[in-house]
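With PDB, C-alpha atoms and all ligand atoms inside, this is query-v3.pdb:
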```pdb
ATOM      1  CA  LYS A   6      67.145 -59.282   7.341
ATOM      2  CA  GLU A   7      64.717 -60.894   9.760
ATOM      3  CA  LYS A   8      63.054 -64.317   9.937
ATOM      4  CA  THR A   9      59.531 -65.202  10.994
ATOM      5  CA  LEU A  10      57.477 -68.367  11.245
ATOM      6  CA  ALA A  11      54.373 -68.458   9.089
ATOM      7  CA  MET A  12      51.828 -71.231   9.428
ATOM      8  CA  ILE A  13      48.925 -72.100   7.178
ATOM      9  CA  LYS A  14      46.435 -73.659   9.587
ATOM     10  CA  PRO A  15      44.221 -76.636   8.629
ATOM     11  CA  ASP A  16      41.376 -74.433   7.363
ATOM     12  CA  GLY A  17      43.805 -72.379   5.277
ATOM     13  CA  LEU A  18      45.305 -75.222   3.282
ATOM     14  CA  ASN A  19      42.766 -74.839   0.465
ATOM     15  CA  TYR A  20      44.142 -71.319   0.008
ATOM     16  CA  THR A  21      47.795 -72.335  -0.170
ATOM     17  CA  GLY A  22      48.226 -71.147  -3.768
ATOM     18  CA  TYR A  23      46.832 -67.734  -2.967
ATOM     19  CA  ILE A  24      48.826 -67.380   0.271
ATOM     20  CA  LYS A  25      52.104 -68.392  -1.416
ATOM     21  CA  ARG A  26      51.460 -65.802  -4.109
ATOM     22  CA  VAL A  27      50.997 -63.085  -1.475
ATOM     23  CA  ILE A  28      54.242 -64.232   0.186
ATOM     24  CA  ASP A  29      56.154 -64.025  -3.112
ATOM     25  CA  GLU A  30      54.670 -60.739  -4.223
ATOM     26  CA  SER A  31      55.443 -59.181  -0.838
ATOM     27  CA  GLY A  32      59.161 -59.824  -1.180
ATOM     28  CA  PHE A  33      59.644 -62.675   1.304
ATOM     29  CA  SER A  34      62.054 -65.525   0.670
ATOM     30  CA  ILE A  35      60.802 -68.921   1.819
ATOM     31  CA  LEU A  36      63.881 -70.422   3.503
ATOM     32  CA  LYS A  37      62.258 -73.621   4.734
ATOM     33  CA  ALA A  38      58.867 -75.225   4.369
ATOM     34  CA  THR A  39      57.254 -78.400   5.591
ATOM     35  CA  MET A  40      53.853 -79.923   6.247
ATOM     36  CA  VAL A  41      53.156 -81.449   9.649
ATOM     37  CA  GLN A  42      50.261 -83.043  11.417
ATOM     38  CA  LEU A  43      50.412 -81.771  14.989
ATOM     39  CA  ASP A  44      49.262 -84.090  17.740
ATOM     40  CA  GLU A  45      47.623 -82.923  20.964
ATOM     41  CA  SER A  46      50.837 -82.735  22.932
ATOM     42  CA  ASN A  47      52.904 -80.754  20.440
ATOM     43  CA  ALA A  48      49.927 -78.471  19.702
ATOM     44  CA  ALA A  49      49.606 -77.777  23.432
ATOM     45  CA  LEU A  50      53.322 -77.058  23.575
ATOM     46  CA  PHE A  51      53.190 -74.694  20.591
ATOM     47  CA  TYR A  52      50.290 -72.762  22.159
ATOM     48  CA  ALA A  53      51.545 -73.124  25.755
ATOM     49  CA  GLU A  54      51.102 -69.388  26.401
ATOM     50  CA  HIS A  55      47.330 -69.884  25.965
ATOM     51  CA  SER A  56      47.038 -72.989  28.158
ATOM     52  CA  GLU A  57      44.925 -71.235  30.813
ATOM     53  CA  ARG A  58      42.476 -69.661  28.352
ATOM     54  CA  THR A  59      38.936 -71.004  28.042
ATOM     55  CA  PHE A  60      39.377 -71.430  24.284
ATOM     56  CA  PHE A  61      42.519 -73.583  24.680
ATOM     57  CA  PRO A  62      40.883 -77.048  24.281
ATOM     58  CA  SER A  63      39.038 -75.825  21.217
ATOM     59  CA  LEU A  64      42.223 -74.267  19.797
ATOM     60  CA  VAL A  65      44.119 -77.547  20.229
ATOM     61  CA  LYS A  66      41.304 -79.461  18.533
ATOM     62  CA  TYR A  67      41.261 -76.993  15.640
ATOM     63  CA  ILE A  68      45.011 -76.900  15.057
ATOM     64  CA  THR A  69      45.199 -80.731  15.146
ATOM     65  CA  SER A  70      42.186 -81.186  12.840
ATOM     66  CA  GLY A  71      44.450 -81.637   9.809
ATOM     67  CA  PRO A  72      47.963 -80.930   8.588
ATOM     68  CA  VAL A  73      49.485 -77.467   8.782
ATOM     69  CA  SER A  74      52.040 -75.929   6.438
ATOM     70  CA  VAL A  75      54.883 -74.129   8.193
ATOM     71  CA  MET A  76      57.405 -71.839   6.538
ATOM     72  CA  VAL A  77      60.374 -69.755   7.590
ATOM     73  CA  LEU A  78      60.023 -66.415   5.808
ATOM     74  CA  GLU A  79      62.839 -63.914   5.482
ATOM     75  CA  LYS A  80      62.965 -60.241   4.544
ATOM     76  CA  VAL A  81      63.677 -56.899   6.167
ATOM     77  CA  ASN A  82      61.026 -56.418   8.914
ATOM     78  CA  ALA A  83      59.571 -59.891   8.246
ATOM     79  CA  ILE A  84      57.791 -60.274  11.604
ATOM     80  CA  ALA A  85      55.735 -57.073  11.514
ATOM     81  CA  ASP A  86      55.204 -57.199   7.762
ATOM     82  CA  TRP A  87      53.809 -60.757   7.850
ATOM     83  CA  ARG A  88      51.543 -59.837  10.806
ATOM     84  CA  ALA A  89      50.281 -56.850   8.811
ATOM     85  CA  LEU A  90      49.555 -59.036   5.783
ATOM     86  CA  ILE A  91      47.605 -61.636   7.787
ATOM     87  CA  GLY A  92      45.483 -59.008   9.576
ATOM     88  CA  PRO A  93      43.606 -59.085  12.890
ATOM     89  CA  THR A  94      43.025 -62.301  14.897
ATOM     90  CA  ASP A  95      39.248 -62.158  14.384
ATOM     91  CA  ALA A  96      38.738 -62.973  10.713
ATOM     92  CA  LYS A  97      35.109 -61.834  10.908
ATOM     93  CA  LYS A  98      36.200 -58.367  12.006
ATOM     94  CA  ALA A  99      39.075 -58.435   9.519
ATOM     95  CA  LYS A 100      36.553 -58.737   6.687
ATOM     96  CA  ILE A 101      35.279 -55.291   7.693
ATOM     97  CA  THR A 102      38.378 -53.478   8.920
ATOM     98  CA  HIS A 103      41.123 -55.119   6.792
ATOM     99  CA  PRO A 104      39.272 -56.585   3.789
ATOM    100  CA  HIS A 105      42.445 -57.273   1.804
ATOM    101  CA  SER A 106      44.198 -59.142   4.631
ATOM    102  CA  ILE A 107      44.775 -62.888   4.355
ATOM    103  CA  ARG A 108      42.521 -63.615   7.335
ATOM    104  CA  ALA A 109      39.705 -61.551   5.803
ATOM    105  CA  ILE A 110      39.965 -63.565   2.614
ATOM    106  CA  CYS A 111      40.628 -67.067   3.985
ATOM    107  CA  GLY A 112      39.429 -67.048   7.600
ATOM    108  CA  MET A 113      36.098 -67.534   9.382
ATOM    109  CA  ASP A 114      36.201 -66.144  12.922
ATOM    110  CA  THR A 115      38.469 -65.610  15.979
ATOM    111  CA  GLU A 116      39.548 -69.222  16.079
ATOM    112  CA  ARG A 117      39.501 -70.366  12.460
ATOM    113  CA  ASN A 118      41.698 -67.606  11.118
ATOM    114  CA  CYS A 119      43.665 -69.718   8.609
ATOM    115  CA  VAL A 120      47.188 -68.419   9.248
ATOM    116  CA  HIS A 121      49.675 -67.675  12.008
ATOM    117  CA  GLY A 122      52.630 -65.352  12.298
ATOM    118  CA  SER A 123      55.208 -64.958  15.061
ATOM    119  CA  ASP A 124      54.554 -61.830  17.120
ATOM    120  CA  SER A 125      58.107 -60.960  18.251
ATOM    121  CA  VAL A 126      61.765 -61.753  17.624
ATOM    122  CA  GLN A 127      61.716 -64.040  20.646
ATOM    123  CA  SER A 128      58.650 -65.989  19.544
ATOM    124  CA  ALA A 129      59.981 -66.229  15.984
ATOM    125  CA  LEU A 130      63.161 -67.893  17.306
ATOM    126  CA  ARG A 131      61.164 -70.244  19.504
ATOM    127  CA  GLU A 132      58.670 -71.169  16.798
ATOM    128  CA  ILE A 133      61.289 -71.668  14.078
ATOM    129  CA  SER A 134      63.278 -74.040  16.267
ATOM    130  CA  PHE A 135      60.054 -75.737  17.376
ATOM    131  CA  PHE A 136      59.340 -76.866  13.835
ATOM    132  CA  PHE A 137      62.731 -77.012  12.219
ATOM    133  CA  GLU A 138      64.925 -78.508  14.915
ATOM    134  CA  GLU A 139      62.885 -80.453  17.457
ATOM    135  CA  MET A 140      60.036 -81.662  15.310
ATOM    136  CA  VAL A 141      61.590 -82.679  12.015
ATOM    137  CA  SER A 142      62.987 -85.740  13.762
ATOM    138  CA  ASN A 143      59.514 -86.887  14.906
TER     139      ASN A 143
HETATM  140  P1  LIG B 201      48.528 -66.441  15.955
HETATM  141  O1  LIG B 201      49.303 -66.562  17.231
HETATM  142  O2  LIG B 201      47.916 -67.755  15.486
HETATM  143  O3  LIG B 201      49.247 -65.706  14.853
HETATM  144  P2  LIG B 201      47.206 -64.169  17.032
HETATM  145  O4  LIG B 201      48.529 -63.779  17.557
HETATM  146  O5  LIG B 201      46.479 -63.225  16.154
HETATM  147  O6  LIG B 201      47.274 -65.540  16.244
HETATM  148  P3  LIG B 201      46.586 -65.130  19.677
HETATM  149  O7  LIG B 201      45.882 -64.259  20.632
HETATM  150  O8  LIG B 201      48.040 -65.430  19.865
HETATM  151  O9  LIG B 201      46.267 -64.579  18.201
HETATM  152  O10 LIG B 201      45.795 -66.524  19.641
HETATM  153  C1  LIG B 201      46.350 -67.657  19.047
HETATM  154  C2  LIG B 201      45.265 -68.370  18.273
HETATM  155  O11 LIG B 201      44.271 -68.852  19.174
HETATM  156  C3  LIG B 201      44.482 -67.482  17.293
HETATM  157  O12 LIG B 201      45.120 -67.334  16.065
HETATM  158  C4  LIG B 201      43.179 -68.236  17.176
HETATM  159  O13 LIG B 201      43.267 -69.348  16.270
HETATM  160  C5  LIG B 201      42.986 -68.752  18.593
HETATM  161  N1  LIG B 201      42.175 -67.807  19.383
HETATM  162  C6  LIG B 201      42.553 -66.607  19.877
HETATM  163  N2  LIG B 201      41.578 -66.012  20.570
HETATM  164  C7  LIG B 201      40.523 -66.868  20.510
HETATM  165  C8  LIG B 201      39.207 -66.856  21.046
HETATM  166  N3  LIG B 201      38.761 -65.836  21.780
HETATM  167  N4  LIG B 201      38.409 -67.909  20.779
HETATM  168  C9  LIG B 201      38.845 -68.962  20.055
HETATM  169  N5  LIG B 201      40.094 -69.051  19.545
HETATM  170  C10 LIG B 201      40.918 -68.026  19.773
END
```

Written as structure tokens, that's how I'd like the structure from this file.
Ligand code: ATP
Amino acid sequence: KEKTLAMIKPDGLNYTGYIKRVIDESGFSILKATMVQLDESNAALFYAEHSERTFFPSLVKYITSGPVSVMVLEKVNAIADWRALIGPTDAKKAKITHPHSIRAICGMDTERNCVHGSDSVQSALREISFFFEEMVSN
């Protein structure tokens, strides 16, 4: 089995019931879950790979605009399967091309896309330890 980090972003929190139902019905086990309010410095660290992008300041503002819900999900092929369920980054496009995806249903646009999923084994390991080893003590 494989683990991935799923995040419900601040704009997705209203849809938590729906998103949890999708998670359950898709065969994932939720191994760990917590709510956190990211501050600017840990948000910047989480999204460090985007630090040079023009949208970075806006992304940090968005992701710190309220609490996020983070979960470790487990199943066979968890990383790719969760990415498939959330759909494309641009929620506006997702509404057309992937209308049943989580981002199509809960998201707004390229930035406010309501959920996150790790994109590789390496990032899943990094992101899981980011929230469940370093940050729980904060
Ligand atoms: P995530 O990493 O959150 O699962 P992703 O892998 O689909 O999303 P990335 O390209 O890694 O997308 O971007 C990380 C996040 O940064 C996006 O989910 C979105 O919130 C924001 N973002 C990406 N591209 C843009 C953009 N062009 N303008 C504004 N925000 C953006």

Practice task
Name every residue that the PyMOL selection byres (((chain A and resi 49) around 12) and not hetatm) selects in this structure, writing the answer as a VMD selection string with chains first and numbers rising.
Solution key: chain A and resid 43 to 48 50 to 58 61 to 69

Handout entry: Protein and nucleic acid residues within 7 Å of ligand LIG 201 (chain B) (only C-alpha atoms and all ligand atoms) as a PyMOL selection string
Key = chain A and resi 60+63-64+93-94+115-118+120-124

With all atoms listed in the file counted and 12 Å as the cut-off, give the residues of range 74-98 of chain A in contact with range 22-26 of chain A, each with its shortest interatomic distance in Å and the pair that gives it, as JSON lines.
```
{"residue": "A:Ser74", "atom": "CA", "partner": "A:Lys25", "partner_atom": "CA", "distance": 10.9}
{"residue": "A:Val75", "atom": "CA", "partner": "A:Lys25", "partner_atom": "CA", "distance": 11.5}
{"residue": "A:Met76", "atom": "CA", "partner": "A:Lys25", "partner_atom": "CA", "distance": 10.2}
{"residue": "A:Leu78", "atom": "CA", "partner": "A:Lys25", "partner_atom": "CA", "distance": 10.9}
{"residue": "A:Trp87", "atom": "CA", "partner": "A:Ile24", "partner_atom": "CA", "distance": 11.2}
{"residue": "A:Leu90", "atom": "CA", "partner": "A:Ile24", "partner_atom": "CA", "distance": 10.0}
{"residue": "A:Ile91", "atom": "CA", "partner": "A:Ile24", "partner_atom": "CA", "distance": 9.5}
```

Practice task
Excluding Glu79 in chain A and residues on its chain fewer than 3 positions from it, collect all residues at most 10 Å away from it, counting only C-alpha atoms, and give them as a PyMOL selection string.
Solution key: chain A and resi 6-10+32-37+76+82-84+87

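If you look at CA of Thr102 in chain A and CA of Pro72 in chain A, they are 29.1 Å away from each other.
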
Exercise for the section: May I ask for the distance between CA of Asp16 in chain A and CA of Val81 in chain A, given in Å to one decimal place? Expected result: 28.4 Å

Fill in the blank from the handout: Expressed in Å, the length from CA of Val41 in chain A to CA of Pro104 in chain A is 29.1 Å

Exercise for the section: Using the chain letters and numbers from the file, give me the residues hit by the PyMOL selection byres (((chain A and resi 109) around 9) and not hetatm), as an MDAnalysis selection string. Expected result: chainID A and resid 91:93 95:108 110:113 118

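Proximity of A:Ser31, A:Ser134, A:Thr59, A:Ser70 to Leu18 in chain A, computed with only C-alpha atoms, is greatest for A:Ser70.
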
Practice task
Go through A:Gly71, A:Asp114, A:Lys80, A:Ala85 and flag the residue nearest Ile13 in chain A, using all atoms listed in the file for the distances.
Solution key: A:Gly71
